[in-house]
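Only one structure is covered here, and it is reproduced in the block below.
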Amino acid sequence: MSLHPYLFFTGTCREAMGRYQEILGGDLEIMTVADMPPGAEPPPGPPNPDLVIHAALTFGAGDLLMASDDPTGDGSGVTGVAVHLGLADEDEARRVFEALADGGEVQMPLDETFWSPLFGACVDRFGVAWMVDVEAS
């Protein structure tokens, strides 16, 4: 079994996934409407060849973050969900947290908690909620 987050954006998928690749490293694959084979059914909404219909960022030890642009374009976002990143190194956790929070909003500053040497929560500039922590030894 595998479980991987799939994020939806409203026209910012390429930018967001590129930013996540800058922060997390890895290999990014992006497929747009223009990449669809002839005769394939395009997503609903106005025609847009640059609309991302699937993006996959593979990084770390088999981690996978997937996303696409929401063809409905309603931009409502998801509430009550956060993407969690557990890191082994405190310096790496600080770097990742600061990069994700840049241009976004820190909900809980990265700090020691009773369950983790470092834990923090933020919403990035793309509206995605993140929790970053260092795994307790």
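Residue names in the structure tokens use chain letters A, B, ... in the order shown, residue numbers from 1 in each chain, and ligand numbers from 1 in the order shown.
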
Give me, as a tab-separated table, each residue of segment 5-64 of chain A that comes within 12 Å of segment 87-92 of chain A, together with its shortest interatomic pair and the distance in Å at one decimal, counting only C-alpha atoms, with rows ordered by chain and rising residue number.
residue	atom	partner	partner_atom	distance
A:Ile23	CA	A:Glu92	CA	10.2
A:Leu24	CA	A:Glu92	CA	9.9
A:Gly60	CA	A:Leu87	CA	10.2
A:Ala61	CA	A:Leu87	CA	11.6

Prev. selection, all heavy atoms, output as a PDB file, in the first residue's frame:
ATOM      1  N   ILE A  23      12.909  23.326  -2.904  1.00  0.00           N
ATOM      2  CA  ILE A  23      13.049  23.119  -1.460  1.00  0.00           C
ATOM      3  C   ILE A  23      13.430  21.685  -1.128  1.00  0.00           C
ATOM      4  O   ILE A  23      14.327  21.439  -0.316  1.00  0.00           O
ATOM      5  CB  ILE A  23      11.735  23.494  -0.735  1.00  0.00           C
ATOM      6  CG1 ILE A  23      11.432  24.985  -0.918  1.00  0.00           C
ATOM      7  CG2 ILE A  23      11.801  23.124   0.742  1.00  0.00           C
ATOM      8  CD1 ILE A  23      10.026  25.383  -0.490  1.00  0.00           C
ATOM      9  N   LEU A  24      12.740  20.729  -1.739  1.00  0.00           N
ATOM     10  CA  LEU A  24      12.878  19.325  -1.348  1.00  0.00           C
ATOM     11  C   LEU A  24      13.814  18.523  -2.252  1.00  0.00           C
ATOM     12  O   LEU A  24      14.187  17.404  -1.920  1.00  0.00           O
ATOM     13  CB  LEU A  24      11.496  18.662  -1.341  1.00  0.00           C
ATOM     14  CG  LEU A  24      10.467  19.322  -0.425  1.00  0.00           C
ATOM     15  CD1 LEU A  24       9.085  18.726  -0.666  1.00  0.00           C
ATOM     16  CD2 LEU A  24      10.873  19.213   1.031  1.00  0.00           C
ATOM     17  N   GLY A  60      13.506  12.335  -1.792  1.00  0.00           N
ATOM     18  CA  GLY A  60      13.798  11.573  -0.582  1.00  0.00           C
ATOM     19  C   GLY A  60      13.885  10.082  -0.854  1.00  0.00           C
ATOM     20  O   GLY A  60      14.317   9.646  -1.912  1.00  0.00           O
ATOM     21  N   ALA A  61      13.445   9.315   0.100  1.00  0.00           N
ATOM     22  CA  ALA A  61      13.500   7.853   0.020  1.00  0.00           C
ATOM     23  C   ALA A  61      12.162   7.314  -0.478  1.00  0.00           C
ATOM     24  O   ALA A  61      11.433   6.656   0.249  1.00  0.00           O
ATOM     25  CB  ALA A  61      13.847   7.267   1.378  1.00  0.00           C
TER      26      ALA A  61
END

DSSP-assigned strand (DSSP E or B) among segment 37-97 of chain A, expressed as a ChimeraX atom specification: /A:52-59,63-69,83-87

Any chance you can output those residues with C-alpha atoms as an mmCIF file, in the first residue's frame?
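The result, written out as selection-v2.cif:
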data_model
loop_
_atom_site.group_PDB
_atom_site.id
_atom_site.type_symbol
_atom_site.label_atom_id
_atom_site.label_comp_id
_atom_site.auth_asym_id
_atom_site.auth_seq_id
_atom_site.Cartn_x
_atom_site.Cartn_y
_atom_site.Cartn_z
ATOM 1 C CA VAL A 52 -1.331 21.193 -15.493
ATOM 2 C CA ILE A 53 -3.308 17.962 -15.551
ATOM 3 C CA HIS A 54 -0.743 16.008 -13.512
ATOM 4 C CA ALA A 55 2.523 16.752 -11.740
ATOM 5 C CA ALA A 56 4.646 14.351 -9.705
ATOM 6 C CA LEU A 57 7.615 15.247 -7.518
ATOM 7 C CA THR A 58 9.645 12.227 -6.429
ATOM 8 C CA PHE A 59 12.179 12.976 -3.696
ATOM 9 C CA ASP A 63 8.450 10.141 -1.243
ATOM 10 C CA LEU A 64 5.949 11.350 -3.818
ATOM 11 C CA LEU A 65 3.950 14.581 -3.919
ATOM 12 C CA MET A 66 1.426 14.891 -6.733
ATOM 13 C CA ALA A 67 -0.708 17.785 -7.923
ATOM 14 C CA SER A 68 -2.652 19.390 -10.733
ATOM 15 C CA ASP A 69 -4.513 22.561 -11.540
ATOM 16 C CA VAL A 83 1.104 17.925 4.374
ATOM 17 C CA HIS A 84 3.533 16.558 6.980
ATOM 18 C CA LEU A 85 7.302 16.438 6.522
ATOM 19 C CA GLY A 86 9.280 14.462 9.107
ATOM 20 C CA LEU A 87 12.989 15.189 8.954
#

What's around segment 101-110 of chain A at 10 Å? Count only C-alpha atoms, leave out sequence neighbours fewer than 5 positions away in its own chain, and write the answer as a compact mmCIF listing (two decimals) with all heavy atoms, in the first residue's frame.
# COMPACT_ATOMS: atom_id res chain seq x y z
N ALA A 93 15.39 20.78 8.85
CA ALA A 93 14.01 21.14 9.19
C ALA A 93 13.84 22.66 9.20
O ALA A 93 12.85 23.18 8.70
CB ALA A 93 13.62 20.55 10.54
N ARG A 94 14.82 23.37 9.76
CA ARG A 94 14.75 24.84 9.77
C ARG A 94 14.76 25.39 8.34
O ARG A 94 13.98 26.28 8.00
CB ARG A 94 15.92 25.42 10.57
CG ARG A 94 15.76 25.30 12.06
CD ARG A 94 16.92 26.01 12.79
NE ARG A 94 16.87 25.71 14.21
CZ ARG A 94 17.49 24.68 14.79
NH1 ARG A 94 18.24 23.86 14.07
NH2 ARG A 94 17.37 24.48 16.08
N VAL A 96 13.91 23.91 5.49
CA VAL A 96 12.67 23.57 4.78
C VAL A 96 11.51 24.41 5.30
O VAL A 96 10.74 24.97 4.52
CB VAL A 96 12.38 22.06 4.91
CG1 VAL A 96 10.97 21.73 4.46
CG2 VAL A 96 13.40 21.25 4.12
N PRO A 117 11.72 17.42 18.92
CA PRO A 117 12.74 18.44 19.17
C PRO A 117 12.45 19.75 18.43
O PRO A 117 12.81 20.82 18.90
CB PRO A 117 14.03 17.82 18.64
CG PRO A 117 13.77 16.35 18.52
CD PRO A 117 12.29 16.20 18.34
N LEU A 118 11.79 19.66 17.27
CA LEU A 118 11.37 20.84 16.51
C LEU A 118 10.08 20.51 15.77
O LEU A 118 9.99 19.49 15.09
CB LEU A 118 12.43 21.24 15.47
CG LEU A 118 13.65 22.01 15.94
CD1 LEU A 118 14.58 22.28 14.75
CD2 LEU A 118 13.27 23.31 16.60
N PHE A 119 9.11 21.39 15.88
CA PHE A 119 7.86 21.25 15.16
C PHE A 119 7.36 22.63 14.79
O PHE A 119 7.44 23.57 15.59
CB PHE A 119 6.79 20.54 16.01
CG PHE A 119 5.44 20.50 15.34
CD1 PHE A 119 5.13 19.48 14.46
CD2 PHE A 119 4.51 21.50 15.55
CE1 PHE A 119 3.90 19.45 13.80
CE2 PHE A 119 3.28 21.48 14.91
CZ PHE A 119 2.97 20.45 14.04
N GLY A 120 6.82 22.77 13.58
CA GLY A 120 6.22 24.03 13.17
C GLY A 120 5.14 23.79 12.14
O GLY A 120 5.13 22.75 11.46
N ALA A 121 4.24 24.74 12.01
CA ALA A 121 3.15 24.65 11.04
C ALA A 121 3.04 25.99 10.31
O ALA A 121 3.19 27.05 10.91
CB ALA A 121 1.83 24.32 11.73
N CYS A 122 2.80 25.89 9.01
CA CYS A 122 2.64 27.10 8.19
C CYS A 122 1.72 26.81 7.03
O CYS A 122 1.42 25.66 6.71
CB CYS A 122 4.00 27.60 7.69
SG CYS A 122 4.81 26.50 6.50
N VAL A 123 1.25 27.88 6.40
CA VAL A 123 0.53 27.79 5.14
C VAL A 123 1.41 28.53 4.14
O VAL A 123 1.77 29.70 4.36
CB VAL A 123 -0.87 28.43 5.22
CG1 VAL A 123 -1.53 28.44 3.85
CG2 VAL A 123 -1.72 27.70 6.23
N ASP A 124 1.81 27.85 3.07
CA ASP A 124 2.72 28.47 2.11
C ASP A 124 1.99 29.49 1.23
O ASP A 124 0.77 29.66 1.33
CB ASP A 124 3.47 27.42 1.30
CG ASP A 124 2.62 26.67 0.29
OD1 ASP A 124 1.52 27.11 -0.06
OD2 ASP A 124 3.08 25.59 -0.15
N ARG A 125 2.73 30.15 0.38
CA ARG A 125 2.16 31.20 -0.46
C ARG A 125 1.18 30.68 -1.50
O ARG A 125 0.47 31.46 -2.14
CB ARG A 125 3.27 32.00 -1.13
CG ARG A 125 4.11 31.21 -2.10
CD ARG A 125 5.20 32.09 -2.68
NE ARG A 125 6.09 31.35 -3.54
CZ ARG A 125 7.39 31.54 -3.57
NH1 ARG A 125 7.95 32.43 -2.80
NH2 ARG A 125 8.13 30.84 -4.40
N PHE A 126 1.10 29.35 -1.64
CA PHE A 126 0.14 28.75 -2.57
C PHE A 126 -1.12 28.27 -1.85
O PHE A 126 -2.00 27.69 -2.47
CB PHE A 126 0.80 27.59 -3.33
CG PHE A 126 2.05 28.00 -4.03
CD1 PHE A 126 3.29 27.67 -3.52
CD2 PHE A 126 1.99 28.76 -5.20
CE1 PHE A 126 4.46 28.07 -4.17
CE2 PHE A 126 3.15 29.16 -5.85
CZ PHE A 126 4.39 28.81 -5.32
N GLY A 127 -1.18 28.47 -0.53
CA GLY A 127 -2.34 28.07 0.25
C GLY A 127 -2.31 26.66 0.79
O GLY A 127 -3.31 26.18 1.32
N VAL A 128 -1.15 25.99 0.68
CA VAL A 128 -1.01 24.62 1.18
C VAL A 128 -0.51 24.66 2.63
O VAL A 128 0.47 25.33 2.93
CB VAL A 128 -0.04 23.80 0.30
CG1 VAL A 128 0.18 22.42 0.89
CG2 VAL A 128 -0.57 23.71 -1.12
N ALA A 129 -1.20 23.94 3.50
CA ALA A 129 -0.80 23.84 4.90
C ALA A 129 0.27 22.77 5.05
O ALA A 129 0.16 21.68 4.48
CB ALA A 129 -2.01 23.50 5.77
N TRP A 130 1.31 23.08 5.81
CA TRP A 130 2.43 22.18 6.04
C TRP A 130 2.70 22.04 7.53
O TRP A 130 2.56 23.01 8.28
CB TRP A 130 3.71 22.72 5.39
CG TRP A 130 3.67 22.77 3.91
CD1 TRP A 130 3.19 23.79 3.13
CD2 TRP A 130 4.12 21.76 3.01
NE1 TRP A 130 3.33 23.47 1.80
CE2 TRP A 130 3.91 22.23 1.69
CE3 TRP A 130 4.70 20.50 3.18
CZ2 TRP A 130 4.24 21.49 0.56
CZ3 TRP A 130 5.04 19.77 2.06
CH2 TRP A 130 4.81 20.25 0.78
N MET A 131 3.10 20.86 7.94
CA MET A 131 3.64 20.62 9.28
C MET A 131 5.02 20.02 9.09
O MET A 131 5.20 19.05 8.34
CB MET A 131 2.77 19.64 10.07
CG MET A 131 1.38 20.17 10.34
SD MET A 131 0.39 19.13 11.45
CE MET A 131 0.50 17.53 10.67
N VAL A 132 6.01 20.64 9.73
CA VAL A 132 7.40 20.18 9.61
C VAL A 132 7.86 19.82 11.00
O VAL A 132 7.68 20.61 11.94
CB VAL A 132 8.30 21.29 9.01
CG1 VAL A 132 9.75 20.85 9.00
CG2 VAL A 132 7.82 21.65 7.61
N ASP A 133 8.44 18.62 11.15
CA ASP A 133 9.00 18.30 12.44
C ASP A 133 10.24 17.43 12.30
O ASP A 133 10.53 16.89 11.24
CB ASP A 133 7.97 17.68 13.38
CG ASP A 133 7.70 16.22 13.12
OD1 ASP A 133 7.91 15.73 12.01
OD2 ASP A 133 7.24 15.55 14.06
N VAL A 134 10.96 17.37 13.40
CA VAL A 134 12.14 16.52 13.50
C VAL A 134 11.70 15.30 14.30
O VAL A 134 11.11 15.43 15.38
CB VAL A 134 13.31 17.24 14.18
CG1 VAL A 134 14.47 16.28 14.43
CG2 VAL A 134 13.76 18.42 13.33

Selected residue of minimal separation from Asp50 of chain A among A:Asp111, A:Glu29, A:Asp70, A:Asp35, counting only C-alpha atoms: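 The closest residue to Asp50 of chain A is A:Asp35.
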
One-decimal distance in Å that lies between atom CA of Asp27 of chain A and atom CA of Ala82 of chain A: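 It comes out at 22.1 Å.
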
Do you know which residues are at most 12 Å from Pro44 of chain A counting only C-alpha atoms, after dropping those on the same chain fewer than 3 positions away, and could you put them as number ranges by chain? A: 33, 41, 47-48, 51, 53, 69-73

When you look at Glu22 of chain A with a cut-off of 12 Å (counting only C-alpha atoms), what residues show up, excluding the ones that are within fewer than 3 positions of it in the same chain? I need them as number ranges by chain. A: 15-19, 25-28, 57, 59, 95-96, 99-100

I need the residues from that last selection saved to file as a short mmCIF file (atom, residue, chain, number, x, y, z; two decimals), in the first residue's frame (with all heavy atoms), if you can.
data_model
loop_
_atom_site.label_atom_id
_atom_site.label_comp_id
_atom_site.auth_asym_id
_atom_site.auth_seq_id
_atom_site.Cartn_x
_atom_site.Cartn_y
_atom_site.Cartn_z
N GLU A 15 4.14 26.51 -10.84
CA GLU A 15 4.95 27.35 -9.97
C GLU A 15 5.14 26.69 -8.59
O GLU A 15 6.25 26.64 -8.05
CB GLU A 15 4.31 28.73 -9.81
CG GLU A 15 5.08 29.67 -8.93
CD GLU A 15 4.37 31.00 -8.69
OE1 GLU A 15 3.25 31.20 -9.21
OE2 GLU A 15 4.94 31.82 -7.96
N ALA A 16 4.06 26.19 -8.03
CA ALA A 16 4.12 25.57 -6.71
C ALA A 16 5.02 24.32 -6.72
O ALA A 16 5.90 24.18 -5.86
CB ALA A 16 2.72 25.20 -6.21
N MET A 17 4.81 23.46 -7.68
CA MET A 17 5.60 22.23 -7.72
C MET A 17 7.07 22.52 -8.02
O MET A 17 7.96 21.84 -7.51
CB MET A 17 5.00 21.25 -8.72
CG MET A 17 3.63 20.72 -8.31
SD MET A 17 3.63 19.80 -6.76
CE MET A 17 4.28 18.22 -7.34
N GLY A 18 7.33 23.56 -8.82
CA GLY A 18 8.71 23.98 -9.05
C GLY A 18 9.35 24.46 -7.76
O GLY A 18 10.52 24.18 -7.48
N ARG A 19 8.59 25.20 -6.97
CA ARG A 19 9.10 25.68 -5.67
C ARG A 19 9.36 24.51 -4.73
O ARG A 19 10.38 24.47 -4.05
CB ARG A 19 8.09 26.66 -5.06
CG ARG A 19 8.50 27.19 -3.72
CD ARG A 19 9.72 28.08 -3.79
NE ARG A 19 10.02 28.63 -2.48
CZ ARG A 19 11.23 28.84 -2.03
NH1 ARG A 19 12.28 28.61 -2.81
NH2 ARG A 19 11.43 29.32 -0.82
N GLY A 25 14.17 19.09 -3.41
CA GLY A 25 14.98 18.35 -4.37
C GLY A 25 14.12 17.37 -5.14
O GLY A 25 12.89 17.46 -5.15
N GLY A 26 14.75 16.43 -5.80
CA GLY A 26 14.02 15.37 -6.47
C GLY A 26 13.77 15.63 -7.94
O GLY A 26 14.29 16.58 -8.54
N ASP A 27 12.96 14.76 -8.51
CA ASP A 27 12.62 14.81 -9.94
C ASP A 27 11.17 15.22 -10.10
O ASP A 27 10.28 14.63 -9.48
CB ASP A 27 12.83 13.43 -10.58
CG ASP A 27 14.29 13.00 -10.53
OD1 ASP A 27 15.17 13.84 -10.85
OD2 ASP A 27 14.56 11.85 -10.15
N LEU A 28 10.95 16.20 -10.96
CA LEU A 28 9.61 16.73 -11.19
C LEU A 28 9.18 16.42 -12.62
O LEU A 28 9.89 16.73 -13.57
CB LEU A 28 9.57 18.24 -10.96
CG LEU A 28 8.25 18.96 -11.21
CD1 LEU A 28 7.15 18.41 -10.31
CD2 LEU A 28 8.43 20.46 -11.02
N LEU A 57 6.29 14.96 -8.04
CA LEU A 57 7.61 15.25 -7.52
C LEU A 57 8.05 14.05 -6.68
O LEU A 57 7.43 13.74 -5.66
CB LEU A 57 7.59 16.51 -6.66
CG LEU A 57 8.92 16.88 -5.97
CD1 LEU A 57 10.02 17.13 -7.01
CD2 LEU A 57 8.72 18.10 -5.08
N PHE A 59 11.02 12.48 -4.45
CA PHE A 59 12.18 12.98 -3.70
C PHE A 59 12.41 12.08 -2.49
O PHE A 59 11.61 11.19 -2.19
CB PHE A 59 11.97 14.43 -3.26
CG PHE A 59 10.80 14.64 -2.35
CD1 PHE A 59 10.96 14.72 -0.98
CD2 PHE A 59 9.51 14.73 -2.86
CE1 PHE A 59 9.87 14.90 -0.14
CE2 PHE A 59 8.41 14.91 -2.04
CZ PHE A 59 8.59 14.99 -0.67
N ARG A 95 15.66 24.87 7.50
CA ARG A 95 15.77 25.35 6.12
C ARG A 95 14.46 25.12 5.37
O ARG A 95 13.92 26.03 4.73
CB ARG A 95 16.91 24.62 5.41
CG ARG A 95 17.10 25.10 3.97
CD ARG A 95 18.01 24.17 3.16
NE ARG A 95 17.39 22.89 2.87
CZ ARG A 95 16.48 22.67 1.92
NH1 ARG A 95 16.03 23.66 1.18
NH2 ARG A 95 16.00 21.46 1.72
N VAL A 96 13.91 23.91 5.49
CA VAL A 96 12.67 23.57 4.78
C VAL A 96 11.51 24.41 5.30
O VAL A 96 10.74 24.97 4.52
CB VAL A 96 12.38 22.06 4.91
CG1 VAL A 96 10.97 21.73 4.46
CG2 VAL A 96 13.40 21.25 4.12
N ALA A 99 11.75 28.02 4.12
CA ALA A 99 11.46 28.11 2.68
C ALA A 99 9.97 27.96 2.40
O ALA A 99 9.41 28.69 1.58
CB ALA A 99 12.26 27.06 1.92
N LEU A 100 9.31 27.03 3.08
CA LEU A 100 7.87 26.85 2.88
C LEU A 100 7.08 28.04 3.40
O LEU A 100 6.09 28.46 2.80
CB LEU A 100 7.39 25.56 3.56
CG LEU A 100 7.84 24.26 2.92
CD1 LEU A 100 7.52 23.08 3.83
CD2 LEU A 100 7.19 24.08 1.55
#

So which bits of chain A end up alpha helix (DSSP H) when you DSSP the backbone, as JSON, numbers by chain? {"A": [13, 14, 15, 16, 17, 18, 19, 20, 21, 22, 23, 24, 90, 91, 92, 93, 94, 95, 96, 97, 98, 99, 100, 101]}

Please save C-alpha atoms of the selected residues as an mmCIF file, in the first residue's frame.
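Output file part.cif is given in full below:
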data_model
loop_
_atom_site.group_PDB
_atom_site.id
_atom_site.type_symbol
_atom_site.label_atom_id
_atom_site.label_comp_id
_atom_site.auth_asym_id
_atom_site.auth_seq_id
_atom_site.Cartn_x
_atom_site.Cartn_y
_atom_site.Cartn_z
ATOM 1 C CA CYS A 13 0.478 24.160 -10.006
ATOM 2 C CA ARG A 14 3.612 24.535 -12.154
ATOM 3 C CA GLU A 15 4.955 27.348 -9.965
ATOM 4 C CA ALA A 16 4.125 25.566 -6.705
ATOM 5 C CA MET A 17 5.599 22.227 -7.721
ATOM 6 C CA GLY A 18 8.715 23.981 -9.048
ATOM 7 C CA ARG A 19 9.095 25.680 -5.675
ATOM 8 C CA TYR A 20 8.659 22.391 -3.832
ATOM 9 C CA GLN A 21 11.352 20.858 -6.045
ATOM 10 C CA GLU A 22 13.687 23.760 -5.156
ATOM 11 C CA ILE A 23 13.049 23.119 -1.460
ATOM 12 C CA LEU A 24 12.878 19.325 -1.348
ATOM 13 C CA GLU A 90 17.243 20.004 12.789
ATOM 14 C CA ASP A 91 19.143 22.281 10.414
ATOM 15 C CA GLU A 92 17.366 20.739 7.416
ATOM 16 C CA ALA A 93 14.009 21.141 9.190
ATOM 17 C CA ARG A 94 14.753 24.836 9.769
ATOM 18 C CA ARG A 95 15.766 25.346 6.122
ATOM 19 C CA VAL A 96 12.675 23.571 4.783
ATOM 20 C CA PHE A 97 10.285 25.308 7.188
ATOM 21 C CA GLU A 98 11.662 28.772 6.428
ATOM 22 C CA ALA A 99 11.465 28.114 2.683
ATOM 23 C CA LEU A 100 7.874 26.848 2.876
ATOM 24 C CA ALA A 101 6.795 29.740 5.118
#

Looking at only C-alpha atoms, which of A:Gly62, A:Ser2, A:Gly11, A:Thr79 is the one that sits closest to Pro49 of chain A?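 Comparing A:Gly62, A:Ser2, A:Gly11, A:Thr79 against Pro49 of chain A, the winner is A:Gly11.
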
As an exercise, work out the distance from atom CA of Phe114 of chain A to atom CA of His4 of chain A in Å and give it to one decimal place.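 Between atom CA of Phe114 of chain A and atom CA of His4 of chain A the gap works out to 27.2 Å.
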
One decimal, Å: what's the distance from atom CA of Pro43 of chain A over to atom CA of Leu7 of chain A, could you say?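 Atom-to-atom, atom CA of Pro43 of chain A and atom CA of Leu7 of chain A are spaced 16.5 Å apart.
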